[in-house]
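See below for the structure under consideration.
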Amino acid sequence: MENKQKIVLTGDRPTGKLHLGHFVGSIQNRVKLQGKVDKSFYMVADIQALTSNADNPTKVRENVLEVVLDNLACGLDPNKTTMFIQSEIPEIAELTVLFLNLVTLARLKRNPTVKDEMKDKGYGEDVPAGFLMHPVSQAADILFCHSNIVPVGEDQKPMIEQTNEIVDDFNRFYGETFSHVKHLVGDTPRLIGIDGNSKMGKSLNNAIYLSDSYEEISKKVMNMYTDPNHIHVNDPGKVEGNVVFTYLDIFDPNKEEITELKKQYKKGGLGDVVIKKRLIEVLEKLVAPIRTKREELAKDKDAVMKILEKGTMHAREIAKETMKQVRMRVQIDYF
Ligand code: TRP
């Protein structure tokens, strides 16, 4: 079906609270786009979370609320964005089953996101089948509502590529039905961890959370990796690979002062504590309003669940329409 509308969809796995990496990689774009496009969806990807947490449903269940609170606190507005729960849309599962026929096992094993995560989780050959095929269910997440813009972190790019391959095959086999999808990465597509690791992640234990207190932020920044050879204040220091400066470059709005501080640091005479204290204040300024709003919203969990219930009902209607059309195209519309 020709689809000229701009439809945004994105989501999070409910496996933990969200962090600054999510914020700069995707959440900022979600908030910016809502209301400016024709439709906007936010999905809690609980089924996807279960693909690597089959033995821990409680963890997934408990984190549904956490990721929604994080998004609401950052400014996602349920009046502009349909917020829903993946598992409550059975049509996504139906669509996944049909899409699975369009994808080979070899292709899934080559998906860089899958490869990276399989390594992180130490699966080897014993990877749960559901985990291996989660890019296919992610294609269904995106396509059930004919979404064509997906704001995600850089790590999710291969998922969008695979979605577009599914779109091509589906349209070729069954007639023009879905449109290509574009991913949209934030200004900082990949935020390094506070330990200097190339990626910030909850499982890597190197994240600053959107719900962290001032004390937590301070502790984490004070422990940040700088330049191991910058021992005395007067030693010349390195700015490249220095996590504190990397963060200041991203989060400090005063670029001129940062340029000046870098010069001083390189020359010698600027202590780590000075730049760390500056970063603490910069991050606190960003996180404090999010944290406050989050605490406020968390007082009425029923209201948050109501938002999800309402959004889910709306998403379900759309999903039913799409499945009707898909069943017709695949010639499984019998009665
Ligand atoms: N894989 C995404 C993540 O880990 C979550 C997700 C599931 C998603 N379905 C999606 C993101 C559809 C964008 C579109 O963060």
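In the structure tokens, the first chain shown is A, the next is B, and so on; residue numbers restart at 1 for each chain, and ligands run from 1 in the order shown.
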Apply DSSP to the structure's backbone, then extract all residues of region 180-275 of chain A labelled strand (DSSP E or B) and return them as a list in words.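 DSSP-assigned strand (DSSP E or B) residues in region 180-275 of chain A: Lys182, His183, Leu184 and Tyr209 of chain A.
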Give me the residues near region 41-51 of chain A as number ranges by chain, where near means some atom within 10 Å (using only C-alpha atoms) and where sequence neighbours in that chain fewer than 3 positions away do not count. A: 7-15, 30, 34, 54-57, 59-61, 63-65, 67-68, 71, 76, 78, 80-88, 93, 127-135, 137-138, 141-142, 145, 147, 150, 308, 311-312, 315
If you count only C-alpha atoms, which residues fall within 10 Å of Gln156 (chain A), apart from same-chain ones fewer than 6 positions away, as a tab-separated table (two decimals) with all heavy atoms, in the first residue's frame?
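Saved as selection_3.tsv:
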```tsv
chain	number	residue	atom	x	y	z
A	112	PRO	N	24.94	-8.01	12.50
A	112	PRO	CA	25.96	-7.55	13.45
A	112	PRO	C	25.43	-7.31	14.87
A	112	PRO	O	26.15	-7.57	15.84
A	112	PRO	CB	26.46	-6.25	12.84
A	112	PRO	CG	26.08	-6.30	11.40
A	112	PRO	CD	24.83	-7.11	11.33
A	113	THR	N	24.19	-6.82	14.98
A	113	THR	CA	23.63	-6.59	16.32
A	113	THR	C	23.45	-7.92	17.04
A	113	THR	O	23.80	-8.06	18.22
A	113	THR	CB	22.27	-5.88	16.22
A	113	THR	OG1	22.39	-4.77	15.34
A	113	THR	CG2	21.79	-5.39	17.57
A	114	VAL	N	22.92	-8.90	16.31
A	114	VAL	CA	22.73	-10.23	16.89
A	114	VAL	C	24.07	-10.82	17.29
A	114	VAL	O	24.25	-11.34	18.39
A	114	VAL	CB	22.00	-11.15	15.88
A	114	VAL	CG1	21.95	-12.58	16.37
A	114	VAL	CG2	20.59	-10.64	15.60
A	135	PRO	N	15.41	-10.10	15.26
A	135	PRO	CA	15.30	-9.05	14.23
A	135	PRO	C	14.04	-9.19	13.37
A	135	PRO	O	13.53	-8.20	12.85
A	135	PRO	CB	16.56	-9.27	13.37
A	135	PRO	CG	17.53	-9.98	14.26
A	135	PRO	CD	16.69	-10.85	15.15
A	150	VAL	N	12.36	5.24	12.18
A	150	VAL	CA	12.64	4.56	13.45
A	150	VAL	C	13.84	5.21	14.14
A	150	VAL	O	14.98	5.02	13.73
A	150	VAL	CB	12.90	3.05	13.22
A	150	VAL	CG1	13.18	2.34	14.53
A	150	VAL	CG2	11.72	2.40	12.52
A	183	HIS	N	16.14	4.59	9.43
A	183	HIS	CA	16.50	4.75	10.84
A	183	HIS	C	16.99	6.18	11.04
A	183	HIS	O	17.47	6.81	10.10
A	183	HIS	CB	17.56	3.74	11.26
A	183	HIS	CG	18.89	4.07	10.72
A	183	HIS	ND1	19.31	3.66	9.48
A	183	HIS	CD2	19.90	4.80	11.24
A	183	HIS	CE1	20.51	4.12	9.25
A	183	HIS	NE2	20.90	4.82	10.29
A	184	LEU	N	16.85	6.64	12.24
A	184	LEU	CA	17.25	8.00	12.54
A	184	LEU	C	18.09	7.94	13.81
A	184	LEU	O	17.56	7.59	14.87
A	184	LEU	CB	15.98	8.83	12.76
A	184	LEU	CG	16.16	10.32	12.85
A	184	LEU	CD1	16.48	10.88	11.47
A	184	LEU	CD2	14.89	10.98	13.38
A	185	VAL	N	19.38	8.22	13.69
A	185	VAL	CA	20.20	8.19	14.90
A	185	VAL	C	20.40	9.60	15.45
A	185	VAL	O	20.37	10.57	14.71
A	185	VAL	CB	21.58	7.51	14.69
A	185	VAL	CG1	21.44	6.03	14.43
A	185	VAL	CG2	22.35	8.20	13.59
A	189	PRO	N	25.35	8.98	18.22
A	189	PRO	CA	24.77	7.67	17.92
A	189	PRO	C	25.19	6.57	18.90
A	189	PRO	O	24.47	5.62	19.12
A	189	PRO	CB	25.30	7.35	16.53
A	189	PRO	CG	25.79	8.63	15.98
A	189	PRO	CD	26.19	9.49	17.13
```
CA of Leu191 (chain A) to CA of Asp227 (chain A), straight-line distance in Å: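 Atom-to-atom, CA of Asp227 (chain A) to CA of Leu191 (chain A), that is 18.5 Å.
With only C-alpha atoms taken into account, the protein and nucleic acid residues at most 12 Å from Asn197 (chain A) (excluding it and anything under 6 positions from it in its own chain) are Arg190, Leu191, Leu204, Asn205, Asn206, Ala207, Met224, Tyr225, Gly241, Asn242 and Val243 of chain A.
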Please produce a file of those selected residues containing N, CA, C and O atoms, as an mmCIF file, in the first residue's frame.
```cif
data_model
loop_
_atom_site.group_PDB
_atom_site.id
_atom_site.type_symbol
_atom_site.label_atom_id
_atom_site.label_comp_id
_atom_site.auth_asym_id
_atom_site.auth_seq_id
_atom_site.Cartn_x
_atom_site.Cartn_y
_atom_site.Cartn_z
ATOM 1 N N ARG A 190 26.389 6.727 19.486
ATOM 2 C CA ARG A 190 26.852 5.718 20.434
ATOM 3 C C ARG A 190 27.628 6.404 21.539
ATOM 4 O O ARG A 190 28.668 7.017 21.294
ATOM 5 N N LEU A 191 27.128 6.328 22.742
ATOM 6 C CA LEU A 191 27.790 6.979 23.876
ATOM 7 C C LEU A 191 28.698 5.975 24.570
ATOM 8 O O LEU A 191 28.264 4.876 24.919
ATOM 9 N N LEU A 204 26.855 -3.914 31.169
ATOM 10 C CA LEU A 204 28.284 -3.638 31.305
ATOM 11 C C LEU A 204 28.588 -2.877 32.601
ATOM 12 O O LEU A 204 29.746 -2.668 32.938
ATOM 13 N N ASN A 205 27.547 -2.476 33.284
ATOM 14 C CA ASN A 205 27.719 -1.793 34.562
ATOM 15 C C ASN A 205 28.542 -0.507 34.424
ATOM 16 O O ASN A 205 29.396 -0.220 35.263
ATOM 17 N N ASN A 206 28.318 0.226 33.365
ATOM 18 C CA ASN A 206 29.111 1.442 33.129
ATOM 19 C C ASN A 206 28.219 2.611 32.685
ATOM 20 O O ASN A 206 28.624 3.433 31.879
ATOM 21 N N ALA A 207 27.007 2.620 33.231
ATOM 22 C CA ALA A 207 26.021 3.592 32.747
ATOM 23 C C ALA A 207 25.666 4.640 33.806
ATOM 24 O O ALA A 207 25.719 4.373 35.001
ATOM 25 N N MET A 224 35.457 8.314 36.842
ATOM 26 C CA MET A 224 35.646 8.214 35.392
ATOM 27 C C MET A 224 37.111 8.130 35.010
ATOM 28 O O MET A 224 37.974 8.701 35.650
ATOM 29 N N TYR A 225 37.305 7.438 33.904
ATOM 30 C CA TYR A 225 38.621 7.262 33.335
ATOM 31 C C TYR A 225 39.056 8.580 32.674
ATOM 32 O O TYR A 225 38.312 9.160 31.900
ATOM 33 N N GLY A 241 40.393 10.235 24.138
ATOM 34 C CA GLY A 241 40.181 9.012 24.912
ATOM 35 C C GLY A 241 39.919 9.289 26.384
ATOM 36 O O GLY A 241 39.783 8.375 27.192
ATOM 37 N N ASN A 242 39.873 10.574 26.729
ATOM 38 C CA ASN A 242 39.595 10.982 28.101
ATOM 39 C C ASN A 242 38.068 11.092 28.249
ATOM 40 O O ASN A 242 37.428 11.963 27.657
ATOM 41 N N VAL A 243 37.498 10.197 29.038
ATOM 42 C CA VAL A 243 36.032 10.093 29.087
ATOM 43 C C VAL A 243 35.383 11.409 29.546
ATOM 44 O O VAL A 243 34.343 11.813 29.027
#
```
Can you tell me how far CA of Ile160 (chain A) sits from CA of Leu95 (chain A), in Å to one decimal?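 Straight-line distance from CA of Ile160 (chain A) to CA of Leu95 (chain A) works out to 16.4 Å.
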Report the distance between CA of Asn29 (chain A) and CA of Asp116 (chain A) in Å, rounded to one decimal place.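 Going from CA of Asn29 (chain A) over to CA of Asp116 (chain A) covers 24.5 Å.
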Using only C-alpha atoms and all ligand atoms, pick whichever of A:Val136, A:Ile258, A:Leu279, A:Ile194 has the shortest atom-to-atom distance to ligand 1.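 The shortest atom-to-atom distance to ligand 1 comes from A:Val136.
Distance check against Ala73 (chain A) using only C-alpha atoms: of A:Ile27, A:Ile149, A:Val181, A:Ile231, the minimum falls on A:Ile27.
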Using only C-alpha atoms, can you tell me which of A:Val239, A:Leu143, A:Val233, A:Leu20 comes closest to Phe251 (chain A)?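 Using only C-alpha atoms, the shortest distance to Phe251 (chain A) belongs to A:Leu20.
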Let me make sure I understand: among A:Asp38, A:Asp77, A:Glu154, A:Asp70, which one has the smallest atom-to-atom distance to ligand 1 if we use only C-alpha atoms and all ligand atoms? A:Glu154
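For the choices A:Glu161, A:Gly175, A:Gly16, A:Glu125, the atom-to-atom distance to Glu66 (chain A) is smallest for A:Gly16 when using only C-alpha atoms.
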From the options A:Glu62, A:Asp187, A:Glu216, A:Glu321, which residue's atoms come nearest to Gly21 (chain A), counting only C-alpha atoms?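 Once distances to Gly21 (chain A) are computed over only C-alpha atoms, the minimum belongs to A:Asp187.
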Which neighbours of region 288-303 of chain A fall inside 7 Å, counting only C-alpha atoms, when residues of the same chain fewer than 4 positions from it are skipped, and could you give them as a count of residues only? 8
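Residues with any atom within 8 Å of Asp333 (chain A), counting only C-alpha atoms and excluding same-chain neighbours fewer than 4 positions away, are A:Lys324, A:Arg327, A:Met328.
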Written file, previous selection with N, CA, C and O atoms, as a compact mmCIF listing (two decimals), in the first residue's frame:
```txt
# COMPACT_ATOMS: atom_id res chain seq x y z
N LYS A 324 -5.44 -7.89 8.24
CA LYS A 324 -6.49 -8.21 7.27
C LYS A 324 -5.90 -8.11 5.86
O LYS A 324 -6.07 -9.00 5.02
N ARG A 327 -3.22 -10.91 5.29
CA ARG A 327 -3.83 -12.23 5.04
C ARG A 327 -4.34 -12.32 3.61
O ARG A 327 -4.21 -13.36 2.96
N MET A 328 -4.88 -11.22 3.13
CA MET A 328 -5.37 -11.19 1.76
C MET A 328 -4.20 -11.38 0.78
O MET A 328 -4.26 -12.20 -0.12
```
Give the helix (DSSP H, G or I) residues of region 76-293 of chain A, as assigned by DSSP on the backbone, as a PyMOL selection string. chain A and resi 86-88+90-100+105-110+112-121+129-132+134-143+154-174+214-222+243-251+255-267+272-293
